[in-house]
$ cat input-v7.cif   # mmCIF, C-alpha atoms
data_upload
#
loop_
_atom_site.label_atom_id
_atom_site.label_comp_id
_atom_site.auth_asym_id
_atom_site.auth_seq_id
_atom_site.Cartn_x
_atom_site.Cartn_y
_atom_site.Cartn_z
CA MET A 1 94.85 -438.43 -8.93
CA ILE A 2 94.44 -434.85 -7.72
CA ASN A 3 92.43 -434.59 -4.50
CA THR A 4 90.35 -431.46 -4.03
CA PHE A 5 88.11 -430.44 -1.15
CA ILE A 6 85.65 -427.56 -1.49
CA ALA A 7 84.14 -426.08 1.67
CA TYR A 8 81.27 -423.73 0.81
CA ASP A 9 78.74 -422.00 3.03
CA ASP A 10 75.46 -422.56 1.22
CA ASN A 11 73.71 -421.82 4.51
CA ASP A 12 74.90 -418.22 4.90
CA PHE A 13 72.04 -415.72 5.19
CA GLU A 14 73.67 -412.97 3.10
CA LEU A 15 75.82 -414.83 0.60
CA GLY A 16 74.66 -418.45 0.71
CA GLU A 17 73.43 -418.32 -2.88
CA TYR A 18 76.67 -416.70 -3.99
CA PHE A 19 78.84 -419.33 -2.28
CA GLU A 20 76.67 -422.13 -3.65
CA ASP A 21 76.90 -420.80 -7.22
CA SER A 22 80.65 -420.29 -6.77
CA HIS A 23 80.90 -423.91 -5.75
CA GLY A 24 78.91 -424.96 -8.82
CA ASP A 25 81.26 -422.98 -11.03
CA ILE A 26 84.35 -424.82 -9.72
CA SER A 27 82.57 -428.18 -9.58
CA ALA A 28 81.81 -427.93 -13.29
CA VAL A 29 85.56 -428.03 -13.94
CA VAL A 30 86.35 -430.63 -11.30
CA VAL A 31 83.72 -433.24 -12.25
CA THR A 32 84.65 -433.22 -15.91
CA ASN A 33 88.33 -433.81 -15.26
CA ALA A 34 89.19 -437.48 -14.87
CA LEU A 35 92.41 -436.56 -13.05
CA ILE A 36 90.52 -435.01 -10.15
CA THR A 37 88.53 -436.46 -7.28
CA ASN A 38 86.56 -433.98 -5.25
CA LEU A 39 84.75 -433.92 -1.94
CA SER A 40 82.50 -430.94 -1.29
CA ILE A 41 81.65 -429.92 2.27
CA ARG A 42 78.49 -427.87 2.80
CA GLY A 43 78.13 -425.01 5.29
CA LEU A 44 76.56 -426.92 8.17
CA ASP A 45 79.34 -429.52 7.94
CA CYS A 46 82.07 -426.88 8.09
CA THR A 47 83.22 -427.45 11.65
CA GLU A 48 86.81 -427.71 12.78
CA ALA A 49 86.32 -431.30 13.91
CA ASN A 50 84.62 -432.41 10.72
CA ILE A 51 87.19 -430.74 8.49
CA ASN A 52 90.04 -432.30 10.45
CA ASN A 53 88.45 -435.74 10.40
CA THR A 54 87.61 -435.54 6.70
CA LEU A 55 91.14 -434.57 5.70
CA LEU A 56 92.77 -437.13 7.99
CA ALA A 57 90.48 -439.90 6.75
CA ALA A 58 91.24 -439.04 3.13
CA ASN A 59 94.94 -439.51 3.90
CA CYS A 60 95.84 -438.23 0.47
CA GLY A 61 99.27 -436.66 0.97
CA ARG A 62 99.18 -433.50 -1.08
CA PHE A 63 95.76 -431.99 -1.72
CA ILE A 64 93.96 -428.79 -2.73
CA PHE A 65 91.60 -427.12 -0.27
CA ILE A 66 89.16 -424.50 -1.61
CA ALA A 67 87.17 -422.42 0.90
CA LEU A 68 84.15 -420.42 -0.29
CA THR A 69 82.93 -418.91 2.98
CA HIS A 70 83.27 -415.86 5.17
CA GLY A 71 86.46 -415.24 7.09
CA ASN A 72 88.63 -412.70 8.84
CA ASP A 73 92.32 -412.09 9.58
CA GLU A 74 92.74 -415.21 11.63
CA GLU A 75 90.09 -417.73 10.68
CA LEU A 76 87.56 -419.07 8.24
CA VAL A 77 83.99 -419.08 9.45
CA SER A 78 80.84 -420.88 8.42
CA HIS A 79 78.30 -421.22 11.23
CA GLU A 80 81.40 -421.66 13.38
CA VAL A 81 85.15 -421.28 12.99
CA TYR A 82 86.48 -424.20 10.97
CA VAL A 83 90.01 -423.12 9.99
CA SER A 84 92.31 -421.25 12.35
CA VAL A 85 95.73 -421.54 13.92
CA ASN A 86 94.27 -424.44 15.95
CA ASN A 87 94.08 -426.76 12.98
CA SER A 88 96.54 -425.12 10.58
CA ALA A 89 98.75 -428.25 10.63
CA THR A 90 95.88 -430.17 9.02
CA PHE A 91 96.59 -428.22 5.84
CA ALA A 92 100.26 -429.16 5.58
CA ASN A 93 101.09 -430.22 1.99
CA SER A 94 98.06 -428.44 0.57
CA LEU A 95 97.36 -425.68 -1.88
CA PHE A 96 94.91 -423.48 0.01
CA TYR A 97 92.59 -421.26 -2.08
CA THR A 98 89.97 -419.03 -0.48
CA CYS A 99 87.67 -416.15 -1.38
CA ALA A 100 87.13 -415.07 2.25
CA CYS A 101 87.85 -411.56 3.55
CA SER A 102 91.17 -410.53 5.07
CA THR A 103 92.74 -413.97 5.46
CA GLY A 104 95.89 -412.98 3.57
CA TYR A 105 97.70 -411.51 6.54
CA ILE A 106 97.55 -413.77 9.57
CA LEU A 107 95.73 -416.94 8.56
CA GLY A 108 97.70 -417.22 5.31
CA ASP A 109 101.00 -416.88 7.17
CA ASN A 110 99.90 -419.34 9.85
CA LEU A 111 99.02 -421.94 7.24
CA ILE A 112 102.30 -421.49 5.34
CA ASN A 113 104.25 -421.71 8.60
CA ALA A 114 102.42 -424.96 9.37
CA GLY A 115 103.52 -426.55 6.09
CA CYS A 116 100.86 -425.43 3.63
CA LEU A 117 102.59 -425.27 0.22
CA SER A 118 100.83 -422.27 -1.34
CA PHE A 119 98.05 -419.94 -0.28
CA ILE A 120 95.88 -417.71 -2.45
CA GLY A 121 93.49 -415.37 -0.63
CA TYR A 122 92.71 -411.71 0.04
CA PHE A 123 94.20 -409.35 2.60
CA ASP A 124 91.24 -406.97 2.91
CA THR A 125 87.45 -406.90 2.73
CA VAL A 126 86.23 -408.64 -0.43
CA LEU A 127 83.26 -407.02 -2.19
CA VAL A 128 80.48 -408.64 -4.23
CA ASN A 129 77.97 -406.72 -6.35
CA VAL A 130 74.52 -408.24 -6.17
CA ASP A 131 73.76 -407.58 -9.85
CA TYR A 132 76.92 -409.38 -10.97
CA PHE A 133 77.25 -412.57 -8.92
CA PRO A 134 78.40 -414.73 -11.89
CA LEU A 135 80.97 -412.14 -12.99
CA PHE A 136 82.38 -411.80 -9.46
CA PHE A 137 82.69 -415.52 -8.80
CA ALA A 138 84.12 -416.08 -12.28
CA CYS A 139 86.97 -413.70 -11.35
CA GLN A 140 87.30 -415.19 -7.88
CA ASN A 141 87.48 -418.79 -9.22
CA PHE A 142 89.55 -418.13 -12.32
CA GLY A 143 92.91 -418.87 -10.70
CA ILE A 144 92.06 -422.29 -9.34
CA LYS A 145 90.07 -423.33 -12.42
CA THR A 146 93.01 -422.40 -14.65
CA PHE A 147 95.48 -424.16 -12.36
CA LEU A 148 93.44 -427.37 -12.40
CA SER A 149 92.99 -427.27 -16.17
CA HIS A 150 96.56 -426.63 -17.32
CA ASP A 151 100.11 -427.76 -16.63
CA GLU A 152 101.27 -424.36 -15.48
CA THR A 153 102.64 -422.97 -12.22
CA ILE A 154 100.41 -421.47 -9.57
CA GLU A 155 102.08 -418.10 -10.22
CA VAL A 156 101.11 -418.24 -13.90
CA SER A 157 97.51 -419.08 -12.91
CA TYR A 158 97.55 -416.25 -10.37
CA ASN A 159 98.76 -413.76 -12.98
CA LYS A 160 96.15 -414.97 -15.45
CA MET A 161 93.55 -414.41 -12.74
CA ILE A 162 94.65 -410.78 -12.43
CA GLU A 163 94.44 -410.40 -16.20
CA TYR A 164 90.95 -411.85 -16.10
CA TYR A 165 89.99 -409.30 -13.44
CA ASN A 166 91.33 -406.55 -15.74
CA LYS A 167 89.30 -407.81 -18.68
CA GLU A 168 86.09 -407.84 -16.62
CA ILE A 169 86.87 -404.40 -15.12
CA ASP A 170 87.18 -403.00 -18.64
CA ARG A 171 83.96 -404.69 -19.67
CA LEU A 172 82.08 -403.06 -16.78
CA VAL A 173 83.08 -399.52 -17.68
CA ILE A 174 83.22 -399.68 -21.46
CA GLY A 175 80.10 -399.96 -23.57
CA SER A 176 76.53 -400.21 -22.35
CA THR A 177 77.19 -401.66 -18.88
CA ASP A 178 78.74 -398.49 -17.41
CA ASP A 179 78.87 -399.56 -13.78
CA VAL A 180 81.72 -397.75 -12.06
CA ILE A 181 80.92 -399.09 -8.59
CA ALA A 182 80.98 -402.70 -9.74
CA ALA A 183 84.22 -402.03 -11.63
CA SER A 184 85.79 -400.34 -8.62
CA SER A 185 84.68 -403.27 -6.44
CA LEU A 186 86.50 -405.65 -8.78
CA ILE A 187 89.58 -403.40 -8.56
CA ASN A 188 89.30 -403.69 -4.78
CA ASN A 189 89.25 -407.48 -4.96
CA ARG A 190 92.03 -407.68 -7.54
CA ASP A 191 94.31 -405.44 -5.50
CA CYS A 192 93.91 -407.35 -2.25
CA LEU A 193 94.68 -410.72 -3.82
CA VAL A 194 97.76 -412.40 -2.43
CA LEU A 195 99.82 -415.49 -3.29
CA LEU A 196 101.93 -416.85 -0.43
CA GLY A 197 104.37 -419.75 -0.28
CA SER A 198 105.57 -421.66 -3.32
CA LYS A 199 105.05 -420.03 -6.70
CA THR A 200 106.26 -422.99 -8.72
CA LEU A 201 103.65 -425.63 -7.86
CA THR A 202 101.81 -427.20 -10.78
CA ARG A 203 98.83 -429.54 -10.71
CA ASN A 204 101.25 -432.40 -11.37
CA ASP A 205 102.67 -431.84 -7.88
CA PHE A 206 99.30 -433.06 -6.54
CA ASN A 207 98.94 -436.03 -8.83
CA MET B 1 70.48 -383.54 -12.91
CA LYS B 2 73.53 -382.09 -11.17
CA MET B 3 73.10 -381.74 -7.39
CA LEU B 4 74.00 -378.26 -6.14
CA ALA B 5 75.73 -377.79 -2.81
CA LYS B 6 73.76 -376.44 0.12
CA ILE B 7 75.22 -373.27 1.64
CA VAL B 8 74.58 -373.30 5.39
CA VAL B 9 75.07 -369.93 7.05
CA ILE B 10 75.32 -370.13 10.84
CA HIS B 11 75.40 -366.56 12.07
CA ASP B 12 73.35 -364.60 14.59
CA ASP B 13 73.82 -361.08 13.18
CA LEU B 14 73.10 -361.37 9.47
CA ILE B 15 69.65 -360.63 8.04
CA PRO B 16 68.45 -362.77 5.10
CA ASN B 17 67.16 -360.77 2.07
CA ALA B 18 68.86 -357.62 3.39
CA ASP B 19 72.46 -358.43 4.15
CA PRO B 20 74.67 -358.15 1.01
CA LEU B 21 76.20 -361.57 1.71
CA PHE B 22 72.81 -363.27 1.48
CA VAL B 23 71.79 -361.28 -1.60
CA GLN B 24 74.96 -362.38 -3.37
CA LEU B 25 74.65 -366.00 -2.21
CA TYR B 26 71.02 -366.16 -3.40
CA GLU B 27 72.08 -364.81 -6.77
CA SER B 28 74.97 -367.21 -7.19
CA PHE B 29 73.52 -370.41 -5.73
CA GLY B 30 69.72 -369.94 -5.65
CA GLU B 31 67.71 -368.97 -2.57
CA GLU B 32 66.53 -372.56 -2.09
CA ASN B 33 70.14 -373.68 -1.60
CA VAL B 34 71.05 -371.15 1.07
CA ILE B 35 69.93 -372.06 4.59
CA HIS B 36 70.32 -369.73 7.54
CA PHE B 37 70.55 -370.59 11.23
CA ILE B 38 70.74 -368.00 14.00
CA HIS B 39 71.52 -370.58 16.70
CA SER B 40 74.78 -372.46 16.38
CA ASN B 41 73.34 -375.65 17.93
CA GLU B 42 70.54 -375.77 15.34
CA GLY B 43 72.97 -375.15 12.51
CA LEU B 44 75.24 -377.92 13.75
CA ASN B 45 72.32 -380.35 14.02
CA TYR B 46 71.25 -379.56 10.47
CA VAL B 47 74.76 -380.16 9.11
CA LEU B 48 75.23 -383.43 11.00
CA ASN B 49 71.79 -384.70 10.00
CA ASN B 50 72.49 -384.02 6.33
CA LEU B 51 75.94 -385.48 5.83
CA ASN B 52 74.71 -387.24 2.69
CA GLN B 53 74.51 -383.94 0.79
CA LYS B 54 77.20 -381.63 -0.51
CA THR B 55 77.48 -378.81 2.03
CA ILE B 56 79.50 -375.63 2.49
CA VAL B 57 79.25 -373.95 5.89
CA ILE B 58 79.73 -370.23 6.54
CA LEU B 59 80.24 -370.09 10.27
CA ASP B 60 80.45 -367.16 12.67
CA ILE B 61 83.00 -367.55 15.44
CA ASN B 62 81.11 -365.82 18.23
CA PHE B 63 77.70 -366.73 19.60
CA SER B 64 75.96 -365.92 22.86
CA SER B 65 77.35 -367.66 25.93
CA ASP B 66 74.59 -370.29 26.12
CA GLU B 67 75.43 -371.58 22.63
CA LEU B 68 78.30 -373.49 21.10
CA THR B 69 81.05 -371.22 19.79
CA GLY B 70 81.91 -371.35 16.11
CA ILE B 71 85.12 -373.19 16.99
CA GLN B 72 83.16 -375.86 18.89
CA VAL B 73 80.81 -376.26 15.92
CA LEU B 74 83.81 -376.65 13.60
CA GLU B 75 85.33 -379.29 15.90
CA LYS B 76 82.06 -381.23 16.07
CA ILE B 77 81.67 -381.19 12.30
CA ARG B 78 85.24 -382.43 11.88
CA SER B 79 84.64 -385.23 14.36
CA LYS B 80 82.10 -386.61 11.84
CA THR B 81 83.43 -385.70 8.42
CA SER B 82 86.32 -384.09 6.59
CA LEU B 83 84.28 -383.58 3.42
CA ILE B 84 82.45 -380.36 4.38
CA TYR B 85 84.11 -377.04 3.64
CA VAL B 86 83.83 -374.55 6.49
CA ILE B 87 84.50 -370.82 6.04
CA MET B 88 84.89 -369.05 9.37
CA ILE B 89 83.84 -365.42 9.57
CA THR B 90 84.44 -362.88 12.27
CA ALA B 91 84.13 -359.15 12.84
CA ARG B 92 87.56 -359.19 14.44
CA THR B 93 90.99 -359.29 12.84
CA LEU B 94 93.11 -362.44 13.04
CA ARG B 95 95.43 -360.70 15.50
CA GLU B 96 92.51 -360.22 17.86
CA LEU B 97 91.58 -363.90 17.90
CA ASP B 98 92.73 -366.20 20.69
CA ASN B 99 95.67 -368.42 19.84
CA ASP B 100 93.61 -371.47 20.79
CA TYR B 101 90.98 -370.47 18.24
CA LEU B 102 93.58 -370.08 15.52
CA ILE B 103 95.19 -373.42 16.34
CA SER B 104 91.84 -375.18 16.31
CA MET B 105 90.87 -373.65 12.96
CA VAL B 106 94.13 -374.82 11.39
CA ASN B 107 93.95 -378.27 12.98
CA ASN B 108 90.32 -378.71 11.92
CA ASP B 109 90.95 -377.65 8.38
CA ALA B 110 88.84 -374.51 8.15
CA LEU B 111 88.91 -373.41 4.52
CA ALA B 112 89.45 -369.74 5.40
CA VAL B 113 88.86 -367.05 7.99
CA GLU B 114 87.31 -363.92 6.58
CA ASN B 115 85.89 -360.68 7.85
CA ALA B 116 82.08 -360.65 7.76
CA ASP B 117 82.02 -357.37 5.83
CA ASN B 118 84.09 -358.74 2.98
CA TYR B 119 81.18 -360.51 1.32
CA PRO B 120 82.66 -360.55 -2.23
CA LYS B 121 85.62 -362.54 -0.85
CA ILE B 122 83.31 -364.87 1.09
CA VAL B 123 81.18 -365.54 -2.00
CA ALA B 124 84.35 -366.19 -4.02
CA LEU B 125 85.47 -368.67 -1.37
CA VAL B 126 82.09 -370.41 -1.52
CA GLU B 127 82.32 -370.63 -5.31
CA SER B 128 85.81 -372.09 -5.02
CA ALA B 129 84.61 -374.61 -2.44
CA SER B 130 81.65 -375.50 -4.65
CA HIS B 131 84.02 -376.23 -7.54
CA LYS B 132 86.18 -378.40 -5.28
CA LEU B 133 83.10 -380.30 -4.16
CA ASP B 134 82.09 -380.99 -7.76
CA ALA B 135 85.52 -382.41 -8.54
CA ARG B 136 85.57 -384.78 -5.58
CA VAL B 137 84.94 -388.51 -5.72
CA ASP B 138 81.67 -388.39 -3.79
CA ALA B 139 80.32 -385.71 -6.13
CA VAL B 140 81.31 -387.63 -9.25
CA LEU B 141 79.76 -390.74 -7.75
CA GLU B 142 76.61 -388.82 -6.86
CA ASP B 143 76.28 -387.70 -10.48
CA TRP B 144 76.51 -391.33 -11.57
CA ILE B 145 74.08 -392.56 -8.92
CA THR B 146 71.45 -389.95 -9.79
CA LYS B 147 71.40 -391.35 -13.33
CA GLN B 148 70.36 -394.79 -12.00
CA SER B 149 66.72 -395.77 -11.57
CA GLU B 150 65.02 -395.33 -8.19
CA GLU B 151 64.63 -399.11 -8.07
CA LYS B 152 68.33 -399.72 -8.62
CA ARG B 153 69.26 -397.12 -6.00
CA ALA B 154 67.04 -398.63 -3.32
CA LYS B 155 67.82 -402.32 -3.64
CA PRO B 156 70.82 -404.16 -2.13
CA TYR B 157 73.73 -403.50 -4.42
CA LEU B 158 76.97 -404.43 -2.70
CA LYS B 159 77.75 -407.18 -0.22
CA THR B 160 80.98 -407.75 1.62
CA LYS B 161 82.28 -411.18 2.48
CA ASP B 162 82.21 -410.13 6.11
CA GLY B 163 78.43 -410.05 5.93
CA LYS B 164 77.31 -406.44 5.30
CA THR B 165 74.93 -405.17 2.59
CA TYR B 166 74.77 -401.69 1.01
CA THR B 167 72.46 -399.91 -1.44
CA LEU B 168 73.90 -397.35 -3.86
CA ASP B 169 72.59 -394.58 -1.60
CA ASN B 170 74.26 -396.27 1.40
CA ILE B 171 77.57 -396.24 -0.50
CA LEU B 172 77.26 -392.52 -1.17
CA GLU B 173 76.39 -391.85 2.47
CA SER B 174 79.31 -393.99 3.59
CA ILE B 175 81.73 -391.93 1.51
CA ARG B 176 80.26 -388.65 2.78
CA GLN B 177 80.43 -389.87 6.37
CA GLN B 178 83.93 -391.28 5.82
CA THR B 179 83.13 -394.67 7.30
CA GLU B 180 85.61 -397.51 6.72
CA ILE B 181 83.65 -398.90 3.75
CA GLY B 182 83.19 -395.32 2.48
CA LYS B 183 86.91 -394.68 2.52
CA GLN B 184 87.52 -398.06 0.89
CA MET B 185 85.04 -397.27 -1.92
CA GLU B 186 86.56 -393.81 -2.39
CA ARG B 187 90.01 -395.37 -2.79
CA ASN B 188 88.60 -397.98 -5.17
CA ILE B 189 86.99 -395.39 -7.44
CA LEU B 190 90.20 -393.36 -7.60
CA LYS B 191 92.16 -396.54 -8.27
CA LEU B 192 89.71 -397.42 -11.04
CA ALA B 193 90.32 -394.08 -12.75
CA VAL B 194 94.10 -394.39 -12.49
CA ASP B 195 94.03 -398.07 -13.42
CA LEU B 196 91.95 -397.52 -16.54
CA LEU B 197 94.09 -394.61 -17.66
CA SER B 198 97.38 -396.43 -17.08
CA ARG B 199 96.28 -399.67 -18.71
CA GLN B 200 94.77 -397.86 -21.70
CA LYS B 201 98.06 -395.97 -22.04
CA THR B 202 99.93 -399.26 -22.01
CA LYS B 203 97.68 -400.56 -24.78
CA LEU B 204 98.23 -397.41 -26.82
CA ASP B 205 102.00 -397.64 -26.27
CA ASP B 206 101.87 -401.21 -27.54
#
$ encode --input "input-v7.cif" --output "structure tokens"
Amino acid sequence: MINTFIAYDDNDFELGEYFEDSHGDISAVVVTNALITNLSIRGLDCTEANINNTLLAANCGRFIFIALTHGNDEELVSHEVYVSVNNSATFANSLFYTCACSTGYILGDNLINAGCLSFIGYFDTVLVNVDYFPLFFACQNFGIKTFLSHDETIEVSYNKMIEYYNKEIDRLVIGSTDDVIAASSLINNRDCLVLLGSKTLTRNDFN
Amino acid sequence: MKMLAKIVVIHDDLIPNADPLFVQLYESFGEENVIHFIHSNEGLNYVLNNLNQKTIVILDINFSSDELTGIQVLEKIRSKTSLIYVIMITARTLRELDNDYLISMVNNDALAVENADNYPKIVALVESASHKLDARVDAVLEDWITKQSEEKRAKPYLKTKDGKTYTLDNILESIRQQTEIGKQMERNILKLAVDLLSRQKTKLDD
């Protein structure tokens, strides 16, 4: 059984709706797959203590942690910091996947150094166009959804994610949509994506 | 509709409607797009309060002692933006200018230094600057934004996952003012152009 945990900040003033819909998009894949058990953690429950206790109580060996919240170089933030160097050891033996801003440099390295197997995140500010929420979270979630749905390595899923970004970028500038800012925002997100740690993990490594 | 650049003349000796420089500027750019300030402080305030528009500044070097010098105006403009072209004009020759003035003009990216009497050259420089402005990312973006509805321009358009919200007009202002998000968007738009061209080329090569 593959154990997934999704932390999402449905309570955020600016992007609560976006994070909630992003969560729904991943959940749709998770709940229909009999190989996966999932526990979702809403914004108000995203505290360092609660995350630590939840993961320790689950005692599931290898697991996948998905974070759909704000963040910065060194930490993930909901209404308070809930992932940082303080509890990085909690994520040992995990695949860590986040859409938060700027976590690719320091937090990603800290997690890998503490035993996290692979990390996918972004090393700069991540942009979201208000008119295209579903398109933006579809790109953002594509890697983990593909990884959970196929027997392929995390690197293959990561590369497919970049291809998916390219397809949506083309769609935004070709034809009737013609939205160069939205397309350039997707380019921004695509180009600050980062995969750290193992590139050869497959979903079977979590089963 | 294409947005024309504003030509801001900050000079205490020139006479609008009479001086050949103004006559030529009016003819080339339209009288409504040429704005004259006698006092350097007022000219500087106008420029800094209108960073969201395309602007070319024609700036005298010398003003009376109770005003900012042209060099000080140039330095204050550059402290806010690198996207405004500034043409310095003086009645003196370059050899007669202080070394400090010359160094500051080079360091602050003055487009040119020209004698005030050489108005055909000054107008040619303004036309060249205007062309450069039209080819720049913020100008291309402005053309695209002006095609969008008023409603689309005014509503929240872009959010960052560090909690900030921007309208389309905010994005344009951010690029003109060279804020961090403005620089990021400028890079993104250039990357988009290169990315689309290179990936289309790859498809054609295939």
$ interface_residues --input "input-v7.cif" --of "chain A" --to "chain B" --cutoff "6 Å" --atoms "all atoms listed in the file" --output "MDAnalysis selection string"
chainID A and resid 70 101 126:130 184 188
$ write_last_selection --input "input-v7.cif" --atoms "C-alpha atoms" --output "short mmCIF file (atom, residue, chain, number, x, y, z; two decimals), in the frame of the given file"
data_model
loop_
_atom_site.label_atom_id
_atom_site.label_comp_id
_atom_site.auth_asym_id
_atom_site.auth_seq_id
_atom_site.Cartn_x
_atom_site.Cartn_y
_atom_site.Cartn_z
CA HIS A 70 83.27 -415.86 5.17
CA CYS A 101 87.85 -411.56 3.55
CA VAL A 126 86.23 -408.64 -0.43
CA LEU A 127 83.26 -407.02 -2.19
CA VAL A 128 80.48 -408.64 -4.23
CA ASN A 129 77.97 -406.72 -6.35
CA VAL A 130 74.52 -408.24 -6.17
CA SER A 184 85.79 -400.34 -8.62
CA ASN A 188 89.30 -403.69 -4.78
#
$ atom_distance --input "input-v7.cif" --atom1 "CA of Tyr8 in chain A" --atom2 "CA of Ala154 in chain B"
29.1 Å
$ atom_distance --input "input-v7.cif" --atom1 "CA of Val57 in chain B" --atom2 "CA of Val9 in chain B"
5.9 Å
$ atom_distance --input "input-v7.cif" --atom1 "CA of Ser176 in chain A" --atom2 "CA of Leu133 in chain B"
27.8 Å
$ residues_around --input "input-v7.cif" --residues "range 144-149 of chain A" --least-positions-apart "3" --cutoff "10 Å" --atoms "all atoms listed in the file" --output "ChimeraX atom specification"
/A:2,4,25-30,33,35-36,64,66,95-98,120,138,140-141,152-158,160-161,201-204
$ resolve_selection --input "input-v7.cif" --expression "the PyMOL selection byres ((chain A and resi 110-112) around 8)" --output "NGL selection string"
:A and (85 or 88-89 or 91-92 or 106-109 or 113-119 or 196-197)
$ resolve_selection --input "input-v7.cif" --expression "the PyMOL selection byres ((chain A and resi 61) around 10)" --output "ChimeraX atom specification"
/A:3,55-56,58-60,62-63,92-94,206-207
$ resolve_selection --input "input-v7.cif" --expression "the PyMOL selection byres ((chain B and resi 7) around 7)" --output "VMD selection string"
chain B and resid 5 to 6 8 to 9 33 to 35 55 to 57
$ axis_aligned_box --input "input-v7.cif" --around "range 118-127 of chain A" --padding-each-side "6 Å" --output "AutoDock Vina command-line options"
--center_x 92.0 --center_y -414.6 --center_z 0.2 --size_x 29.6 --size_y 27.4 --size_z 17.4
$ residues_near_point --input "input-v7.cif" --point "(72.8, -361.1, 2.3)" --cutoff "12 Å" --atoms "only C-alpha atoms" --output "PyMOL selection string"
chain B and resi 9+11+13-28+31+34-36+116-120+122-123
$ write_last_selection --input "input-v7.cif" --atoms "C-alpha atoms" --output "short mmCIF file (atom, residue, chain, number, x, y, z; two decimals), in the coordinates of the input"
data_model
loop_
_atom_site.label_atom_id
_atom_site.label_comp_id
_atom_site.auth_asym_id
_atom_site.auth_seq_id
_atom_site.Cartn_x
_atom_site.Cartn_y
_atom_site.Cartn_z
CA VAL B 9 75.07 -369.93 7.05
CA HIS B 11 75.40 -366.56 12.07
CA ASP B 13 73.82 -361.08 13.18
CA LEU B 14 73.10 -361.37 9.47
CA ILE B 15 69.65 -360.63 8.04
CA PRO B 16 68.45 -362.77 5.10
CA ASN B 17 67.16 -360.77 2.07
CA ALA B 18 68.86 -357.62 3.39
CA ASP B 19 72.46 -358.43 4.15
CA PRO B 20 74.67 -358.15 1.01
CA LEU B 21 76.20 -361.57 1.71
CA PHE B 22 72.81 -363.27 1.48
CA VAL B 23 71.79 -361.28 -1.60
CA GLN B 24 74.96 -362.38 -3.37
CA LEU B 25 74.65 -366.00 -2.21
CA TYR B 26 71.02 -366.16 -3.40
CA GLU B 27 72.08 -364.81 -6.77
CA SER B 28 74.97 -367.21 -7.19
CA GLU B 31 67.71 -368.97 -2.57
CA VAL B 34 71.05 -371.15 1.07
CA ILE B 35 69.93 -372.06 4.59
CA HIS B 36 70.32 -369.73 7.54
CA ALA B 116 82.08 -360.65 7.76
CA ASP B 117 82.02 -357.37 5.83
CA ASN B 118 84.09 -358.74 2.98
CA TYR B 119 81.18 -360.51 1.32
CA PRO B 120 82.66 -360.55 -2.23
CA ILE B 122 83.31 -364.87 1.09
CA VAL B 123 81.18 -365.54 -2.00
#
$ residues_around --input "input-v7.cif" --residues "range 41-48 of chain A" --least-positions-apart "2" --cutoff "9 Å" --atoms "only C-alpha atoms" --output "PyMOL selection string"
chain A and resi 5-12+16+20+39+50-53+69+77-84+86-87
$ residues_around --input "input-v7.cif" --residues "Gln177 in chain B" --least-positions-apart "3" --cutoff "9 Å" --atoms "all atoms listed in the file" --output "PyMOL selection string"
chain B and resi 51-52+80-83+172-174+182-183
$ closest_residue --input "input-v7.cif" --among "A:Phe137, A:Tyr105, A:Gly24, A:Asp205" --to "Met1 in chain A" --atoms "all atoms listed in the file"
A:Asp205
$ closest_residue --input "input-v7.cif" --among "B:Leu102, B:Ile84, B:Ile89, B:Leu44" --to "Arg136 in chain B" --atoms "only C-alpha atoms"
B:Ile84
